[in-house]
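Asks: Here it is: the structure, laid out below.
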Amino acid sequence: MKKNFKLFLAGIISVLLILLTVYFTSCSMNNEDSSKKEEPTASTNVVFPSKADPDGGDITVDAELYSSIFGDATKYDETLAISSLCMTVAAEEEKTLQDFFVAFGFKTFEAYNGASGGYDDKDNPDSISYGLAHMIDPYDNNGIIAVAIRGVNYSSEWTSNFNIGKEGDHHGFSNAAKLVYTGLKSYIEKNFSTEYADKKLKLWITGYSRSAAVADILSYYIITGLDTDTTYAQLNIDKSKVFTYTFATPRSLIKTHAREYENVFNHISNADLVTYVAPEAYGLFRCGTDKVLFESNKSQYTEHKDAQSSTSDYTKYKLSYTSVVDEWLKTFSSEINLPDFCAHNYYVYTSGEKKEAHDFPGNKYTTEKECIEFFMDLLLNATGDGASFKTRAEFVDTAQSTVQYFVNLYMNNSDKFSTFISEIKNNVFTLMGKLSSETDFCNYITELLTKSGITVESESVLKEHLAVLYKSANPLSTTATLSTIVMQYVVPMMIGGNTDFQRIIKMHYPEVTLITLLKSFPES
């Protein structure tokens with residue numbers, strides 16, 4: 001009897017040991033630290049051109065995948081984050097994206113331009129370029145479709161960034177997301193209707209800047225279902241297996257759509273002006289989880305679970321830096337530092353004496369987030385005879401078309417705008433003399449644009465938009481508060497050689513996002 005009991009007990013213990021072994025093996029394959037325990041199953045090099053410091057040289061980084069990287073979409077993965085940033089940067093051109101997919105073992109690559117023309121076309125404001133490819137996941141033998149949306153190296157698409165619309169999700173971003181949604185649906189029907197009909201599909205979606213906002217909305221469409229006739233459930237996509245990683249992400253969704261999806265991760269910097277638009281005051285938000293990188297003290301990594309929560313809800317982690325990133329920084333002629341927004345002073349001259357009239361925004365604010373929010377608040381509350389930014393509807397009615405017009409003019413003539421700025425600086429006193437008359441001002445700016453070689457399709461349309469600027473931002477105006485902003489910030493920045501402007505823009509460049517991302521993920 002005792003012998004039988006001992007054998008029974010030994011059997012129970014053996015079974016428990018086997019179950020525990022299987023359990024812990026499964027956990028190690030699925031937890032977010034799995035990238036540190038497995039050898040990569042695929043890797044490739046991606047080059048990040050240095051736009052923040054053109055003399056500093058390009059940065060090359062390794063993108064990697066491993067067998068269980070697509071195990072659980074709700075588990076944040078550092079390796080997948082870096083590889084996602086690499087994928088969206090590779091999406092700059094069709095050829096570099098195709099090379100990326102080939103190196104990672106993806107097949108059936110197809111490149112799309114959502115409006116018309118080829119993938120590398122840049123001149124259609126309503127277009128969106130994206131590439132799709134698929135592979136079989138070695139982890140569970142299911143299919144994975146990669147969705148890489150181009151967020152860099154585009155031109156006229158910038159105008160749709162300011163097509164906010166009076167209600168609903170951001171119109172420009174949502175229109176682009178619907179184009180990607182339609183292309184993805186066709187791709188699935190074409191490639192997964194028979195051979196992979198018994199497999200659960202996964203999606204790996206990534207985007208940068210504009211395409212990050214598009215990726216957010218696309219993920220919302222996929223998770224909730226955009227179509228009523230042909231839903232994604234019928235196309236056999238496991239909605240819990242949608243892996244979305246975005247970077248430098250603008251706000252794009254109304255609050256009821258911007259839910260706390262556990263599988264959408266947005267990487268943002270509090271020093272990146274792009275992540276503050278469209279303004280939260282317009283009722284637009286990001287969905288999913290915000291990962292705030294590279295805080296102003298350069299030693300904190302912040303995770304934010306709910307984009308609508310207050311700053312007090314942040315959880316902060318102290319981290320050390322990786323030596324490899326410090327070495328990269330040494331290759332730049334000057335380190336990529338956070339812009340010093342608080343150092344910009346505005347001076348006036350009274351009776352020949354130089355006096356400080358305004359500090360931007362002085363000692364009151366000490367972080368980039370506070371400074372940008374201060375500036376955004378000024379802009380939102382600017383009113384006058386012309387453009388108004390106070391509410392979403394007012395912006396659309398008074399300023400949206402004018403902003404879109406000048407953004408499009410700049411993007412199509414960016415190489416010539418430095419000449420235009422020089423003309424402004426060399427003729428600043430003449431320009432000041434033209435401010436007393438709307439007609440004189442519009443005619444003179446048109447003359448300087450033409451002199452600088454900037455192409456203007458219709459002078460009458462140009463002057464209509466110049467008139468909006470004159471009424472709302474004329475420095476001599478006593479009714480338009482936007483003119484105060486022009487005098488305190490815009491004019492000094494232009495006359496000062498755009499140094500302040502460049503410091504602000506620098507924080508949005510992809511290689512700076514890469515460095516901040518890697519500084520947040522030190523090697524163990």
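In the structure tokens, chains take letters A, B, ... by order of appearance, with residues numbered from 1 within each chain and ligands from 1 in the order shown.
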If we count only C-alpha atoms and set the cut-off at 9 Å, which residues sit around stretch 220-227 of chain A, ignoring sequence neighbours fewer than 4 positions away in its own chain? Please answer as a PyMOL selection string.
Replies: chain A and resi 177-178+181+215-216+231-233+237+239-240+242+257-259+261+287
Asks: Given the selection you just returned, output its residues as a file containing N, CA, C and O atoms, formatted as a short mmCIF file (atom, residue, chain, number, x, y, z; two decimals), in the first residue's frame.
Replies:
```
data_model
loop_
_atom_site.label_atom_id
_atom_site.label_comp_id
_atom_site.auth_asym_id
_atom_site.auth_seq_id
_atom_site.Cartn_x
_atom_site.Cartn_y
_atom_site.Cartn_z
N ALA A 177 -5.90 57.30 -44.04
CA ALA A 177 -6.05 55.99 -43.39
C ALA A 177 -7.05 55.11 -44.15
O ALA A 177 -6.86 53.90 -44.25
N LYS A 178 -8.09 55.72 -44.68
CA LYS A 178 -9.07 54.95 -45.45
C LYS A 178 -8.47 54.41 -46.74
O LYS A 178 -8.82 53.31 -47.19
N TYR A 181 -6.43 51.47 -45.65
CA TYR A 181 -7.38 50.42 -45.26
C TYR A 181 -7.88 49.68 -46.50
O TYR A 181 -7.92 48.44 -46.53
N ALA A 215 -1.39 55.78 -39.06
CA ALA A 215 -1.33 54.43 -38.47
C ALA A 215 -2.24 54.31 -37.26
O ALA A 215 -2.87 53.27 -37.05
N ASP A 216 -2.33 55.38 -36.45
CA ASP A 216 -3.24 55.38 -35.31
C ASP A 216 -4.68 55.19 -35.75
O ASP A 216 -5.43 54.36 -35.21
N THR A 231 -16.23 42.85 -43.15
CA THR A 231 -15.48 43.21 -41.94
C THR A 231 -14.16 42.47 -41.90
O THR A 231 -13.96 41.47 -42.58
N TYR A 232 -13.25 42.96 -41.06
CA TYR A 232 -11.96 42.30 -40.94
C TYR A 232 -12.09 40.94 -40.27
O TYR A 232 -11.24 40.07 -40.46
N ALA A 233 -13.12 40.74 -39.48
CA ALA A 233 -13.31 39.43 -38.87
C ALA A 233 -13.51 38.38 -39.96
O ALA A 233 -13.02 37.27 -39.86
N ILE A 237 -8.59 38.17 -39.52
CA ILE A 237 -7.54 38.87 -38.77
C ILE A 237 -7.86 38.79 -37.29
O ILE A 237 -8.97 39.10 -36.87
N LYS A 239 -7.79 40.45 -34.19
CA LYS A 239 -7.64 41.86 -33.85
C LYS A 239 -6.77 42.09 -32.62
O LYS A 239 -6.26 43.18 -32.42
N SER A 240 -6.61 41.04 -31.82
CA SER A 240 -5.70 41.17 -30.67
C SER A 240 -4.25 41.01 -31.09
O SER A 240 -3.35 41.12 -30.26
N VAL A 242 -2.76 42.88 -33.56
CA VAL A 242 -2.39 44.06 -34.35
C VAL A 242 -1.29 44.78 -33.59
O VAL A 242 -1.53 45.35 -32.52
N HIS A 257 -12.95 57.93 -29.93
CA HIS A 257 -12.20 56.97 -30.75
C HIS A 257 -10.80 56.72 -30.20
O HIS A 257 -10.19 55.69 -30.50
N ALA A 258 -10.28 57.69 -29.43
CA ALA A 258 -8.90 57.60 -28.93
C ALA A 258 -8.88 56.78 -27.65
O ALA A 258 -8.61 57.28 -26.56
N ARG A 259 -9.14 55.51 -27.78
CA ARG A 259 -9.24 54.64 -26.62
C ARG A 259 -7.86 54.13 -26.21
O ARG A 259 -6.90 54.24 -26.95
N TYR A 261 -6.10 51.51 -26.33
CA TYR A 261 -5.79 50.22 -26.92
C TYR A 261 -4.42 49.75 -26.43
O TYR A 261 -3.44 50.47 -26.54
N CYS A 287 -4.57 57.56 -29.80
CA CYS A 287 -5.13 56.37 -29.17
C CYS A 287 -3.98 55.51 -28.66
O CYS A 287 -2.82 55.69 -29.03
#
```
Asks: A:Glu94, A:Tyr130, A:Ala271, A:Ala42: which is nearest A:Val512, counting only C-alpha atoms?
Replies: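 Among the listed residues, the smallest separation from A:Val512 belongs to A:Ala271.
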Asks: Identify which of the residues A:Pro138, A:Gly131, A:Gly143, A:Pro125 lies closest to A:Phe173, counting only C-alpha atoms when measuring atom-to-atom distances.
Replies: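 Nearest candidate to A:Phe173 out of A:Pro138, A:Gly131, A:Gly143, A:Pro125: A:Pro125.
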Asks: Find the spatial neighbours of A:Thr206, counting only C-alpha atoms, within a cut-off of 6 Å - ignore same-chain residues fewer than 4 positions away - and output them as a ChimeraX atom specification.
Replies: /A:84,148,244-246
Asks: Save out the residues we just selected, N, CA and C atoms, as a CSV table (one decimal), in the first residue's frame.
Replies:
```csv
chain,number,residue,atom,x,y,z
A,84,SER,N,10.6,48.8,-35.8
A,84,SER,CA,9.5,49.5,-36.4
A,84,SER,C,9.9,50.9,-36.9
A,148,ALA,N,3.9,49.3,-43.8
A,148,ALA,CA,4.9,50.4,-43.6
A,148,ALA,C,4.3,51.6,-44.4
A,244,THR,N,1.0,47.8,-33.4
A,244,THR,CA,1.2,49.2,-33.9
A,244,THR,C,2.2,49.9,-33.1
A,245,TYR,N,3.3,50.4,-33.8
A,245,TYR,CA,4.3,51.2,-33.2
A,245,TYR,C,4.5,52.5,-34.0
A,246,THR,N,4.2,53.6,-33.4
A,246,THR,CA,4.3,54.9,-34.2
A,246,THR,C,5.3,55.8,-33.5
```
Asks: Figure out the distance between atom CA of A:Thr249 and atom CA of A:Ile505, please, to one decimal in Å.
Replies: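 That distance, rounded to one decimal, is 14.5 Å.
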Asks: Please provide as a PyMOL selection string all residues within 8 Å of A:Leu97, with the sequence filter that same-chain residues fewer than 6 positions apart are discarded (counting only C-alpha atoms).
Replies: chain A and resi 87+90-91+131
Asks: Hey, what's within 7 Å of stretch 380-385 of chain A if we count only C-alpha atoms and toss same-chain stuff fewer than 4 positions away? As an MDAnalysis selection string, please?
Replies: chainID A and resid 376 389:390 471:472 479:482
Asks: Return the single residue from A:Leu517, A:Phe48, A:Leu469, A:Asn175 that is closest to A:Val292, with distances computed using only C-alpha atoms.
Replies: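 Of A:Leu517, A:Phe48, A:Leu469, A:Asn175, the one nearest A:Val292 is A:Leu517, counting only C-alpha atoms.
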Asks: Any idea what the distance is between atom CA of A:Ser452 and atom CA of A:Ser414?
Replies: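 Computing the Euclidean distance for atom CA of A:Ser452 and atom CA of A:Ser414 yields 11.2 Å.
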Asks: Go through A:Lys185, A:Lys51, A:Lys202, A:Arg210 one by one, measure the shortest atom-to-atom distance of each to A:Thr275 using only C-alpha atoms, and give the residue with the smallest value.
Replies: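 Closest candidate: A:Arg210.
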Asks: For each of A:Asn413, A:Gly288, A:Thr446, A:Ala248, take the minimum atom-to-atom distance to A:Glu260, counting only C-alpha atoms, then give the residue where this is smallest.
Replies: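 Ranking A:Asn413, A:Gly288, A:Thr446, A:Ala248 by distance to A:Glu260, first place goes to A:Gly288.
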